[in-house]
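Participant: model_3.csv (CSV, C-alpha atoms) pasted underneath:
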chain,number,residue,atom,x,y,z
A,1,MET,CA,171.5,150.7,81.3
A,2,VAL,CA,171.0,147.4,83.1
A,3,SER,CA,169.2,147.6,86.4
A,4,VAL,CA,169.6,144.9,89.0
A,5,THR,CA,166.5,143.0,89.9
A,6,CYS,CA,165.8,140.1,92.2
A,7,ILE,CA,166.5,137.8,89.3
A,8,ASP,CA,170.1,138.8,89.6
A,9,LEU,CA,170.3,137.2,93.0
A,10,GLN,CA,170.2,133.8,91.2
A,11,MET,CA,172.8,135.0,88.7
A,12,ALA,CA,175.1,135.8,91.7
A,13,ALA,CA,175.8,132.1,91.9
A,14,PHE,CA,177.8,132.4,88.7
A,15,PRO,CA,181.3,133.9,88.7
A,16,LYS,CA,181.3,137.5,87.7
A,17,HIS,CA,183.6,137.1,84.7
A,18,PHE,CA,181.3,134.5,83.2
A,19,LEU,CA,178.4,136.8,83.4
A,20,PHE,CA,180.4,139.6,81.9
A,21,SER,CA,181.5,137.5,79.0
A,22,LEU,CA,177.9,136.2,78.4
A,23,CYS,CA,176.7,139.8,78.4
A,24,ILE,CA,179.3,141.0,76.0
A,25,HIS,CA,178.8,138.0,73.7
A,26,ARG,CA,175.0,138.7,73.7
A,27,LEU,CA,175.5,142.3,72.8
A,28,LEU,CA,178.0,141.6,70.1
A,29,THR,CA,175.8,138.9,68.6
A,30,GLN,CA,172.8,141.3,68.6
A,31,ASP,CA,174.8,144.0,66.9
A,32,GLY,CA,175.9,141.4,64.3
A,33,ILE,CA,179.6,141.9,64.9
A,34,ILE,CA,180.5,138.3,65.5
A,35,ASP,CA,178.7,137.2,62.3
A,36,THR,CA,180.5,140.0,60.4
A,37,VAL,CA,183.9,139.0,61.7
A,38,LYS,CA,183.3,135.4,60.8
A,39,ARG,CA,182.1,136.2,57.3
A,40,LYS,CA,185.0,138.6,56.6
A,41,ARG,CA,187.6,135.9,57.3
A,42,TYR,CA,187.3,134.7,53.8
A,43,TYR,CA,186.2,136.8,50.8
A,44,GLU,CA,182.6,136.5,49.9
A,45,LYS,CA,182.0,137.1,46.3
A,46,PRO,CA,179.3,139.7,45.4
A,47,CYS,CA,177.1,137.1,43.7
A,48,ARG,CA,177.2,134.9,46.9
A,49,GLU,CA,176.6,138.0,49.0
A,50,ARG,CA,173.5,139.0,47.1
A,51,GLN,CA,172.1,135.5,47.3
A,52,ARG,CA,172.8,135.4,51.0
A,53,LYS,CA,171.1,138.8,51.6
A,54,ASN,CA,168.1,137.8,49.6
A,55,PHE,CA,167.9,134.6,51.5
A,56,GLU,CA,168.2,136.3,54.9
A,57,ASN,CA,165.5,138.9,53.9
A,58,CYS,CA,163.1,136.2,52.9
A,59,LYS,CA,163.8,134.2,56.0
A,60,ARG,CA,163.3,137.2,58.2
A,61,ILE,CA,159.9,137.9,56.6
A,62,TYR,CA,158.9,134.3,56.9
A,63,ASN,CA,159.9,134.2,60.6
A,64,THR,CA,158.0,137.3,61.5
A,65,GLU,CA,154.9,136.2,59.7
A,66,MET,CA,155.0,132.8,61.3
A,67,ALA,CA,155.6,134.3,64.7
A,68,ARG,CA,152.5,136.5,64.2
A,69,LYS,CA,150.5,133.5,63.1
A,70,ILE,CA,151.5,131.5,66.1
A,71,ALA,CA,150.9,134.3,68.4
A,72,PHE,CA,147.4,134.8,67.0
A,73,ILE,CA,146.5,131.1,67.1
A,74,SER,CA,147.8,130.7,70.6
A,75,ARG,CA,145.6,133.4,71.9
A,76,THR,CA,143.0,131.9,74.2
A,77,ASN,CA,141.1,134.8,75.8
A,78,ARG,CA,139.3,135.9,72.7
A,79,ASP,CA,136.0,137.8,72.9
A,80,ASP,CA,134.4,135.9,70.1
A,81,PRO,CA,136.3,132.7,69.2
A,82,TRP,CA,134.1,131.9,66.3
A,83,LEU,CA,134.2,135.3,64.7
A,84,GLY,CA,132.4,135.3,61.3
A,85,CYS,CA,130.3,132.2,61.9
B,1,MET,CA,182.8,155.4,74.0
B,2,TYR,CA,184.5,154.4,70.8
B,3,LYS,CA,188.2,154.5,70.1
B,4,LEU,CA,189.1,154.8,66.4
B,5,GLY,CA,192.5,153.8,65.3
B,6,CYS,CA,193.1,154.5,61.6
B,7,VAL,CA,196.1,152.7,60.0
B,8,LEU,CA,197.8,154.6,57.2
B,9,GLY,CA,197.2,153.1,53.8
B,10,ASN,CA,194.5,151.0,55.2
B,11,SER,CA,190.8,151.6,55.8
B,12,VAL,CA,190.5,149.1,58.6
B,13,ARG,CA,189.0,150.7,61.6
B,14,THR,CA,189.3,149.2,65.0
B,15,VAL,CA,186.3,150.1,67.0
B,16,CYS,CA,186.9,149.6,70.6
B,17,ARG,CA,183.6,148.6,72.2
B,18,GLN,CA,183.8,149.6,75.8
B,19,LEU,CA,181.4,147.3,77.4
B,20,ALA,CA,182.6,147.5,80.9
B,21,VAL,CA,180.2,145.8,83.2
B,22,SER,CA,182.0,146.7,86.3
B,23,VAL,CA,180.2,146.1,89.5
B,24,ASN,CA,182.8,145.1,92.0
B,25,ALA,CA,183.2,148.5,93.5
B,26,HIS,CA,185.9,148.5,96.0
B,27,THR,CA,184.7,151.6,97.7
B,28,THR,CA,186.7,152.9,100.6
B,29,SER,CA,184.9,156.1,101.0
B,30,ILE,CA,181.7,155.7,102.9
B,31,ASN,CA,181.5,152.2,104.2
B,32,GLY,CA,185.2,151.5,104.5
B,33,SER,CA,184.7,147.8,103.9
B,34,THR,CA,187.2,145.7,102.1
B,35,ASP,CA,185.0,142.7,101.4
B,36,LEU,CA,186.0,141.2,98.1
B,37,GLN,CA,183.6,138.3,98.1
B,38,ARG,CA,180.6,140.2,96.9
B,39,THR,CA,177.5,139.1,95.0
B,40,ILE,CA,176.2,141.4,92.3
B,41,SER,CA,173.1,142.5,94.1
B,42,SER,CA,174.8,143.6,97.3
B,43,SER,CA,177.5,145.4,95.6
B,44,ALA,CA,174.9,147.2,93.5
B,45,VAL,CA,173.2,148.4,96.6
B,46,ARG,CA,176.6,149.7,97.9
B,47,LEU,CA,177.2,151.4,94.6
B,48,GLN,CA,174.0,153.1,94.9
B,49,GLU,CA,174.8,154.4,98.4
B,50,ALA,CA,178.1,155.6,97.2
B,51,GLU,CA,176.7,157.6,94.4
B,52,ALA,CA,173.5,158.8,96.1
B,53,PRO,CA,174.6,162.4,96.2
B,54,LYS,CA,175.5,162.2,92.5
B,55,GLU,CA,173.4,161.2,89.5
B,56,ASN,CA,172.3,157.7,88.7
B,57,SER,CA,169.4,157.3,91.1
B,58,GLY,CA,167.9,153.9,90.5
B,59,LYS,CA,170.8,153.0,88.1
B,60,ASP,CA,172.8,150.2,89.6
B,61,PHE,CA,175.6,149.7,87.2
B,62,SER,CA,176.3,150.9,83.7
B,63,LEU,CA,177.8,149.3,80.6
B,64,LEU,CA,180.2,152.2,80.2
B,65,PRO,CA,183.2,152.5,82.5
B,66,PRO,CA,183.9,155.6,84.6
B,67,LEU,CA,185.4,158.0,82.0
B,68,PRO,CA,188.7,159.6,82.6
B,69,GLY,CA,187.2,163.1,82.8
B,70,GLU,CA,184.4,162.6,85.3
B,71,ASP,CA,185.0,162.0,89.0
B,72,SER,CA,183.7,158.7,90.2
B,73,ALA,CA,183.8,157.1,93.6
B,74,LEU,CA,184.6,153.7,92.0
B,75,LYS,CA,188.1,152.6,92.9
B,76,TRP,CA,189.7,149.3,92.7
B,77,GLY,CA,192.6,148.7,95.1
B,78,GLY,CA,192.9,152.5,95.5
B,79,LYS,CA,193.2,153.0,91.8
B,80,LYS,CA,190.8,154.7,89.4
B,81,PHE,CA,189.5,152.9,86.4
B,82,GLU,CA,192.0,154.5,84.0
B,83,GLU,CA,195.0,153.5,86.2
B,84,LEU,CA,194.2,149.8,86.3
B,85,PRO,CA,196.5,147.5,84.3
B,86,ILE,CA,195.1,146.0,81.2
B,87,VAL,CA,195.2,142.4,80.0
B,88,HIS,CA,195.2,142.2,76.3
B,89,ILE,CA,193.9,138.8,75.0
B,90,LYS,CA,194.4,138.1,71.4
B,91,ALA,CA,192.3,135.1,70.5
B,92,THR,CA,193.2,133.9,67.0
B,93,TYR,CA,192.0,130.7,65.4
B,94,ASN,CA,195.3,128.9,66.0
B,95,ASN,CA,196.5,130.4,69.2
B,96,THR,CA,195.7,132.7,72.2
B,97,HIS,CA,198.1,135.4,73.4
B,98,ILE,CA,197.8,137.1,76.7
B,99,GLN,CA,199.8,140.2,77.6
B,100,LEU,CA,199.4,142.2,80.8
B,101,THR,CA,200.4,145.9,80.5
B,102,ASP,CA,200.1,148.8,82.9
B,103,SER,CA,197.8,151.7,82.1
B,104,GLU,CA,200.5,153.4,80.1
B,105,GLY,CA,201.1,150.4,77.9
B,106,GLN,CA,204.4,149.0,79.4
B,107,SER,CA,204.3,145.2,79.2
B,108,LEU,CA,204.5,143.3,82.5
B,109,VAL,CA,203.6,139.7,81.7
B,110,ARG,CA,203.4,137.9,78.4
B,111,THR,CA,202.1,134.3,78.0
B,112,SER,CA,200.6,132.3,75.2
B,113,CYS,CA,199.5,128.8,74.6
B,114,GLY,CA,202.8,128.1,72.9
B,115,THR,CA,204.9,129.3,75.9
B,116,GLU,CA,202.8,126.9,78.1
B,117,GLY,CA,204.2,123.9,76.2
B,118,PHE,CA,201.3,123.3,73.8
B,119,LYS,CA,202.2,122.6,70.2
B,120,ASN,CA,200.4,123.0,66.9
B,121,ILE,CA,196.8,122.0,67.0
B,122,LYS,CA,196.7,121.8,70.8
B,123,LYS,CA,197.3,125.5,71.0
B,124,SER,CA,193.9,126.2,69.4
B,125,THR,CA,191.9,124.8,72.3
B,126,PRO,CA,190.1,126.5,75.1
B,127,ILE,CA,192.0,124.3,77.6
B,128,ALA,CA,195.3,125.8,76.4
B,129,ALA,CA,194.0,129.3,76.7
B,130,GLN,CA,192.8,128.6,80.2
B,131,THR,CA,196.3,127.3,81.1
B,132,ALA,CA,197.8,130.4,79.6
B,133,GLY,CA,195.4,132.6,81.6
B,134,ILE,CA,196.2,130.8,84.8
B,135,SER,CA,200.0,131.2,84.3
B,136,ALA,CA,199.6,134.9,83.4
B,137,ALA,CA,197.5,135.5,86.5
B,138,ALA,CA,200.1,133.7,88.7
B,139,LYS,CA,202.9,135.9,87.2
B,140,ALA,CA,200.8,139.0,87.6
B,141,THR,CA,200.0,138.3,91.3
B,142,GLY,CA,203.7,137.8,91.8
B,143,LYS,CA,204.2,141.4,90.6
B,144,GLY,CA,201.5,142.7,92.8
B,145,VAL,CA,198.6,143.1,90.5
B,146,THR,CA,195.1,142.3,91.7
B,147,PHE,CA,192.4,144.2,89.8
B,148,VAL,CA,192.6,144.2,86.0
B,149,ARG,CA,190.6,145.3,83.0
B,150,VAL,CA,190.5,142.9,80.1
B,151,VAL,CA,190.6,143.8,76.4
B,152,VAL,CA,189.7,140.9,74.0
B,153,LYS,CA,190.7,140.9,70.4
B,154,GLY,CA,189.5,138.4,67.8
B,155,ILE,CA,187.2,135.5,67.9
B,156,GLY,CA,188.9,132.2,68.6
B,157,PRO,CA,188.5,129.2,70.8
B,158,GLY,CA,190.3,130.8,73.7
B,159,ARG,CA,188.3,133.9,73.9
B,160,GLN,CA,186.2,133.1,76.9
B,161,SER,CA,188.4,130.5,78.6
B,162,ALA,CA,191.3,132.8,78.8
B,163,ILE,CA,189.3,135.2,81.0
B,164,LYS,CA,188.2,132.2,83.0
B,165,GLY,CA,191.8,131.2,83.5
B,166,LEU,CA,192.7,134.7,84.6
B,167,ALA,CA,190.0,134.6,87.2
B,168,MET,CA,191.0,131.1,88.3
B,169,GLY,CA,194.6,132.3,88.7
B,170,GLY,CA,193.6,134.9,91.1
B,171,LEU,CA,193.1,138.1,89.2
B,172,GLU,CA,189.9,140.2,89.6
B,173,VAL,CA,188.4,141.1,86.3
B,174,VAL,CA,186.9,144.6,86.6
B,175,SER,CA,185.7,145.1,83.0
B,176,ILE,CA,185.7,143.3,79.6
B,177,THR,CA,186.2,145.3,76.4
B,178,ASP,CA,186.0,144.0,73.0
B,179,ASP,CA,188.5,145.3,70.4
B,180,THR,CA,188.0,142.9,67.5
B,181,PRO,CA,189.0,144.6,64.3
B,182,VAL,CA,186.1,145.0,61.9
B,183,PRO,CA,187.0,146.4,58.5
B,184,HIS,CA,184.4,148.5,56.8
B,185,ASN,CA,185.2,146.8,53.6
B,186,GLY,CA,188.9,147.6,53.6
B,187,CYS,CA,191.4,145.0,52.5
B,188,ARG,CA,190.2,142.1,50.4
B,189,PRO,CA,190.6,138.9,52.5
B,190,ARG,CA,191.8,135.6,51.0
B,191,LYS,CA,189.6,133.4,48.9
B,192,ALA,CA,187.1,131.0,50.3
B,193,ARG,CA,188.5,127.6,51.2
B,194,ARG,CA,187.2,124.3,49.9
B,195,MET,CA,188.5,121.4,51.9
B,196,MET,CA,188.0,117.8,52.6
B,197,HIS,CA,185.8,116.8,55.4
B,198,LEU,CA,186.8,114.0,57.8
B,199,TYR,CA,184.8,111.4,55.8
B,200,GLY,CA,185.6,112.6,52.4
B,201,ASP,CA,182.8,115.1,51.7
B,202,VAL,CA,183.9,118.3,50.1
B,203,GLU,CA,182.4,121.3,51.9
B,204,HIS,CA,182.8,125.0,51.5
B,205,GLU,CA,184.7,126.5,54.4
B,206,ALA,CA,183.1,130.0,54.1
B,207,TRP,CA,179.6,128.6,54.2
B,208,LEU,CA,180.5,126.5,57.2
B,209,SER,CA,182.1,129.2,59.2
B,210,GLY,CA,179.2,131.5,58.6
B,211,VAL,CA,176.7,129.1,60.1
B,212,SER,CA,178.4,127.5,63.1
B,213,HIS,CA,180.5,128.8,65.9
B,214,THR,CA,184.1,128.9,65.2
B,215,HIS,CA,185.3,126.6,67.9
B,216,HIS,CA,182.6,124.0,67.1
B,217,SER,CA,182.9,123.9,63.4
B,218,ASP,CA,184.9,121.4,61.4
B,219,SER,CA,186.5,124.2,59.5
B,220,VAL,CA,190.1,123.3,60.6
B,221,GLY,CA,192.0,121.9,57.6
B,222,VAL,CA,192.7,118.2,57.9
B,223,THR,CA,196.4,117.7,58.3
B,224,HIS,CA,196.8,115.1,55.6
B,225,ALA,CA,194.8,116.9,53.0
B,226,HIS,CA,198.0,118.2,51.5
B,227,LEU,CA,199.2,114.8,50.6
B,228,LEU,CA,196.1,114.1,48.6
B,229,GLN,CA,196.1,117.4,46.7
B,230,THR,CA,199.2,116.3,44.8
B,231,ASP,CA,198.4,114.1,41.8
B,232,ARG,CA,201.9,112.8,41.6
B,233,VAL,CA,202.5,109.4,43.1
B,234,SER,CA,206.1,110.2,43.9
B,235,ASP,CA,205.1,112.8,46.5
B,236,CYS,CA,203.0,110.3,48.4
B,237,PHE,CA,205.7,107.7,48.1
B,238,GLU,CA,208.5,110.0,49.3
B,239,LYS,CA,206.6,111.0,52.4
B,240,HIS,CA,206.1,107.3,53.3
B,241,HIS,CA,209.6,106.3,52.2
B,242,LYS,CA,211.3,108.3,54.9
B,243,ARG,CA,210.2,105.9,57.6
B,244,THR,CA,212.9,103.8,59.0
B,245,ASP,CA,211.0,101.2,61.1
B,246,VAL,CA,210.5,97.9,59.4
B,247,GLU,CA,206.9,97.7,60.5
B,248,SER,CA,206.0,101.2,59.5
B,249,SER,CA,207.7,100.9,56.2
B,250,SER,CA,205.7,97.8,55.4
B,251,LYS,CA,202.7,99.7,56.4
B,252,ALA,CA,203.8,102.5,54.2
B,253,ILE,CA,204.2,100.2,51.3
B,254,HIS,CA,200.9,98.7,52.1
B,255,HIS,CA,199.3,102.1,52.2
B,256,PHE,CA,201.1,103.1,49.1
B,257,SER,CA,199.8,100.2,47.1
B,258,PHE,CA,196.3,101.4,48.0
B,259,ASN,CA,197.1,104.8,46.8
B,260,ALA,CA,198.6,103.6,43.6
B,261,SER,CA,195.3,102.4,42.3
B,262,LEU,CA,193.8,105.8,42.9
B,263,VAL,CA,196.3,107.4,40.5
B,264,PRO,CA,195.4,108.8,38.0
B,265,TYR,CA,192.3,110.2,39.7
B,266,ARG,CA,190.4,113.4,39.5
B,267,THR,CA,191.8,115.9,41.9
B,268,TRP,CA,189.6,116.5,44.9
B,269,ARG,CA,188.8,120.0,43.7
B,270,GLU,CA,187.3,118.7,40.5
B,271,SER,CA,185.3,115.9,42.0
B,272,GLY,CA,182.1,117.0,43.4
B,273,GLN,CA,181.9,114.2,46.0
B,274,ALA,CA,184.9,112.1,47.0
B,275,SER,CA,184.1,108.6,46.1
B,276,TRP,CA,187.1,107.0,47.5
B,277,LYS,CA,188.5,106.8,51.0
B,278,HIS,CA,192.1,107.6,51.7
B,279,THR,CA,194.2,105.5,54.0
B,280,THR,CA,197.3,107.6,54.3
B,281,ALA,CA,199.1,107.2,57.5
B,282,GLN,CA,199.7,110.2,59.5
B,283,PRO,CA,201.9,110.8,62.5
B,284,GLU,CA,199.9,109.7,65.5
B,285,ARG,CA,199.1,112.5,67.8
B,286,PRO,CA,199.2,111.5,71.4
B,287,LEU,CA,196.1,112.0,73.4
B,288,PRO,CA,196.2,115.0,75.7
B,289,GLU,CA,196.2,114.3,79.4
B,290,VAL,CA,192.7,114.7,80.5
B,291,GLN,CA,192.7,116.8,83.6
B,292,SER,CA,189.9,116.3,86.0
B,293,GLY,CA,187.1,118.7,85.4
B,294,LEU,CA,188.1,119.6,81.9
B,295,GLU,CA,186.3,118.0,79.1
B,296,LEU,CA,187.8,116.9,75.8
B,297,CYS,CA,187.3,119.4,73.0
B,298,TRP,CA,186.2,118.2,69.6
B,299,LYS,CA,189.7,117.9,68.3
B,300,ASP,CA,190.7,115.4,70.9
B,301,ARG,CA,187.5,113.4,70.3
B,302,ARG,CA,188.3,113.4,66.6
B,303,GLN,CA,191.8,112.1,67.4
B,304,ILE,CA,190.4,109.3,69.6
B,305,MET,CA,188.0,108.4,66.8
B,306,ARG,CA,190.9,108.3,64.3
B,307,ASN,CA,193.0,106.1,66.6
B,308,GLN,CA,190.0,103.7,66.9
B,309,GLN,CA,189.5,103.6,63.1
B,310,LYS,CA,193.2,102.9,62.6
B,311,ASP,CA,193.1,100.0,65.0
B,312,LEU,CA,190.2,98.6,63.1
B,313,GLN,CA,192.0,99.0,59.7
B,314,ASN,CA,195.2,97.5,61.0
B,315,LYS,CA,193.3,94.4,62.0
B,316,SER,CA,192.0,93.7,58.5
B,317,PRO,CA,194.7,94.5,55.9
B,318,CYS,CA,192.9,93.5,52.7
B,319,TRP,CA,191.9,95.1,49.5
B,320,PRO,CA,189.6,96.9,48.9
B,321,PRO,CA,189.8,98.5,52.3
B,322,SER,CA,186.4,98.5,54.0
Show this structure as structure tokens.

Facilitator:
Amino acid sequence: MVSVTCIDLQMAAFPKHFLFSLCIHRLLTQDGIIDTVKRKRYYEKPCRERQRKNFENCKRIYNTEMARKIAFISRTNRDDPWLGC
Amino acid sequence: MYKLGCVLGNSVRTVCRQLAVSVNAHTTSINGSTDLQRTISSSAVRLQEAEAPKENSGKDFSLLPPLPGEDSALKWGGKKFEELPIVHIKATYNNTHIQLTDSEGQSLVRTSCGTEGFKNIKKSTPIAAQTAGISAAAKATGKGVTFVRVVVKGIGPGRQSAIKGLAMGGLEVVSITDDTPVPHNGCRPRKARRMMHLYGDVEHEAWLSGVSHTHHSDSVGVTHAHLLQTDRVSDCFEKHHKRTDVESSSKAIHHFSFNASLVPYRTWRESGQASWKHTTAQPERPLPEVQSGLELCWKDRRQIMRNQQKDLQNKSPCWPPS
């Protein structure tokens, strides 16, 4: 359920159908439907599929770890910035 | 709300994703206002007022449309949601079809990029889809249709611009539904394409299409690639030999002499990287008329680049071609 906030007043400048299509595109991309449809246009051999899945898994792990590291390093309000020293 | 359509002998399931973000409540019950020019926020407030006695306190609009069973105060032009006509947009990679039907399914208006006068590659552009949408909306308003729900099928270049064209033509879009068929590993699709890139690099189509957006990728087959796939010289020569103009025939022979040195060569499938450049002449595609406010798509820009390259080549007819 999407609730209207004051931010939507700015979005009111856009035509309604544009916002609808943005919303639907975002939802479909998040659900992975657009990627699936593109990939299923041509047959993906099982060997290629396994390679791709492995690659995506590793990439996901790397991205989450890197995001954690960046979030940690970018913290400024720390109790003891020189912990351990 | 999902709509499953099972096809006999096939395990393709069409899941209809009802993502109706319908806000423009043309309520005639409480306020009695008929203001069509409404921002999202104000209409949300009105929606809340209309549904105050019912549920959804604090919920402004929902992704699901009003279902046929339940009563809802939302009406568009006096019609309930399930009585509104439907615009089916089929956005394929090569074309965009738009068909307006009433709520039962009887067809009212049917347009496509081809019926608007576009041919071949021009049909697979968002501009063509927008034009088709505008003409469909004009015909629909002539039949007395104002509010409409949209069902989109397929991912193609005209997916978004067709809806834009409908709105530009005067129809009010109430909701957008996506009905793209997603097989749960049913029929085996065709094999992955390998094709020539514009400057001679062989790339894998499947990998390309998985990375970039469809309408931005260079995954469209180059039109003259079929000439190069044949090893035989006679095929190339026959295609050029059909020209009747003196100048073009001299050009054809000129081009043919370039190609003769390339035969026998490895087929482009065998060669990893194409080490030669091809100078086959292709029928010149006239540039589309650029309407004000519409930008050129990548296909038009590519044609402009090709025309410029051809001008450069024509100025220096020497061997080896630079």

Participant: Could you check which of B:Gly169, B:Gly144, B:Pro85, B:Gly154 is closest to chain A, using only C-alpha atoms?

Facilitator: B:Gly154

Participant: Would you mind reading off the distance between atom CA of B:Ala140 and atom CA of B:Gly69, one decimal, in Å?

Facilitator: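 So the two atoms, atom CA of B:Ala140 and atom CA of B:Gly69, lie 28.1 Å apart.
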
Participant: Go through B:Met196, B:Met168, B:Ile86, B:Ile98 and flag the residue nearest chain A, using all atoms listed in the file for the distances.

Facilitator: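 Checking each of B:Met196, B:Met168, B:Ile86, B:Ile98 against chain A, counting all atoms listed in the file, the winner is B:Met168.
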
Participant: With distances taken over only C-alpha atoms, which residue among B:Met305, B:Ala138, B:Gly78, B:Ala192 lies nearest A:Arg48?

Facilitator: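 Nearest candidate to A:Arg48 out of B:Met305, B:Ala138, B:Gly78, B:Ala192: B:Ala192.
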
Participant: Mind pulling up the distance from atom CA of B:Ile176 to atom CA of A:Ile33?

Facilitator: 16.0 Å

Participant: Between B:Arg194, B:Lys80, B:Lys139, B:Lys164, which one has atoms that come closest to chain A, using all atoms listed in the file?

Facilitator: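 With all atoms listed in the file as the atom set, the closest residue is B:Lys164.
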
Participant: Nearest to chain A: which of B:Gly105, B:Pro65, B:Gly77, B:Gly142 is it, counting all atoms listed in the file?

Facilitator: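 Answer, going by the shortest atom-to-atom distance: B:Pro65.
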
Participant: Name the closest residue to B:Leu64 among the candidates B:Ile155, B:Lys122, B:Phe81, B:Thr111; distances are taken between atoms, counting all atoms listed in the file.

Facilitator: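 Answer, going by the shortest atom-to-atom distance: B:Phe81.
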
Participant: Can you measure atom CA of B:Leu84 to atom CA of A:Ile24 for me? One decimal in Å is fine.

Facilitator: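 Here the two named atoms are 20.1 Å from each other.
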
Participant: For B:Glu82, work out the shell of residues within 10 Å, counting all atoms listed in the file and skipping chain neighbours fewer than 5 positions away, then give it as a list in words.

Facilitator: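 Near neighbours after the sequence-gap exclusion: Pro65, Pro66, Leu67, Pro68, Gly69, Lys75, Asp102, Ser103, Glu104 and Arg149 of chain B.
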
Participant: Export stretch 68-84 of chain A of the preceding structure, keeping N, CA and C atoms, as an mmCIF file, in the first residue's frame.

Facilitator:
data_model
loop_
_atom_site.group_PDB
_atom_site.id
_atom_site.type_symbol
_atom_site.label_atom_id
_atom_site.label_comp_id
_atom_site.auth_asym_id
_atom_site.auth_seq_id
_atom_site.Cartn_x
_atom_site.Cartn_y
_atom_site.Cartn_z
ATOM 1 N N ARG A 68 28.438 -2.792 3.645
ATOM 2 C CA ARG A 68 28.630 -2.803 5.112
ATOM 3 C C ARG A 68 29.897 -2.070 5.488
ATOM 4 N N LYS A 69 30.965 -2.339 4.712
ATOM 5 C CA LYS A 69 32.249 -1.697 5.017
ATOM 6 C C LYS A 69 32.143 -0.193 4.856
ATOM 7 N N ILE A 70 31.503 0.230 3.778
ATOM 8 C CA ILE A 70 31.389 1.671 3.541
ATOM 9 C C ILE A 70 30.519 2.309 4.610
ATOM 10 N N ALA A 71 29.460 1.630 4.993
ATOM 11 C CA ALA A 71 28.581 2.194 6.030
ATOM 12 C C ALA A 71 29.336 2.318 7.339
ATOM 13 N N PHE A 72 30.179 1.337 7.621
ATOM 14 C CA PHE A 72 30.954 1.392 8.856
ATOM 15 C C PHE A 72 31.965 2.523 8.819
ATOM 16 N N ILE A 73 32.670 2.620 7.716
ATOM 17 C CA ILE A 73 33.725 3.632 7.625
ATOM 18 C C ILE A 73 33.132 5.023 7.598
ATOM 19 N N SER A 74 31.956 5.177 7.043
ATOM 20 C CA SER A 74 31.383 6.520 6.927
ATOM 21 C C SER A 74 30.663 6.957 8.186
ATOM 22 N N ARG A 75 30.692 6.114 9.186
ATOM 23 C CA ARG A 75 30.090 6.547 10.458
ATOM 24 C C ARG A 75 30.986 7.589 11.101
ATOM 25 N N THR A 76 30.415 8.676 11.559
ATOM 26 C CA THR A 76 31.220 9.741 12.150
ATOM 27 C C THR A 76 30.977 9.842 13.660
ATOM 28 N N ASN A 77 29.749 9.611 14.097
ATOM 29 C CA ASN A 77 29.483 9.753 15.536
ATOM 30 C C ASN A 77 29.769 8.441 16.227
ATOM 31 N N ARG A 78 31.044 8.230 16.486
ATOM 32 C CA ARG A 78 31.421 7.012 17.195
ATOM 33 C C ARG A 78 31.821 7.350 18.624
ATOM 34 N N ASP A 79 31.525 6.459 19.532
ATOM 35 C CA ASP A 79 31.877 6.743 20.934
ATOM 36 C C ASP A 79 33.378 6.847 21.083
ATOM 37 N N ASP A 80 34.063 5.827 20.592
ATOM 38 C CA ASP A 80 35.510 5.821 20.706
ATOM 39 C C ASP A 80 36.087 5.575 19.326
ATOM 40 N N PRO A 81 36.512 6.643 18.611
ATOM 41 C CA PRO A 81 37.002 6.441 17.249
ATOM 42 C C PRO A 81 38.285 5.626 17.197
ATOM 43 N N TRP A 82 39.043 5.592 18.215
ATOM 44 C CA TRP A 82 40.313 4.868 18.198
ATOM 45 C C TRP A 82 40.218 3.654 19.110
ATOM 46 N N LEU A 83 39.206 2.852 18.841
ATOM 47 C CA LEU A 83 38.957 1.681 19.679
ATOM 48 C C LEU A 83 40.101 0.705 19.515
ATOM 49 N N GLY A 84 40.684 0.323 20.628
ATOM 50 C CA GLY A 84 41.749 -0.666 20.568
ATOM 51 C C GLY A 84 43.134 -0.050 20.716
#
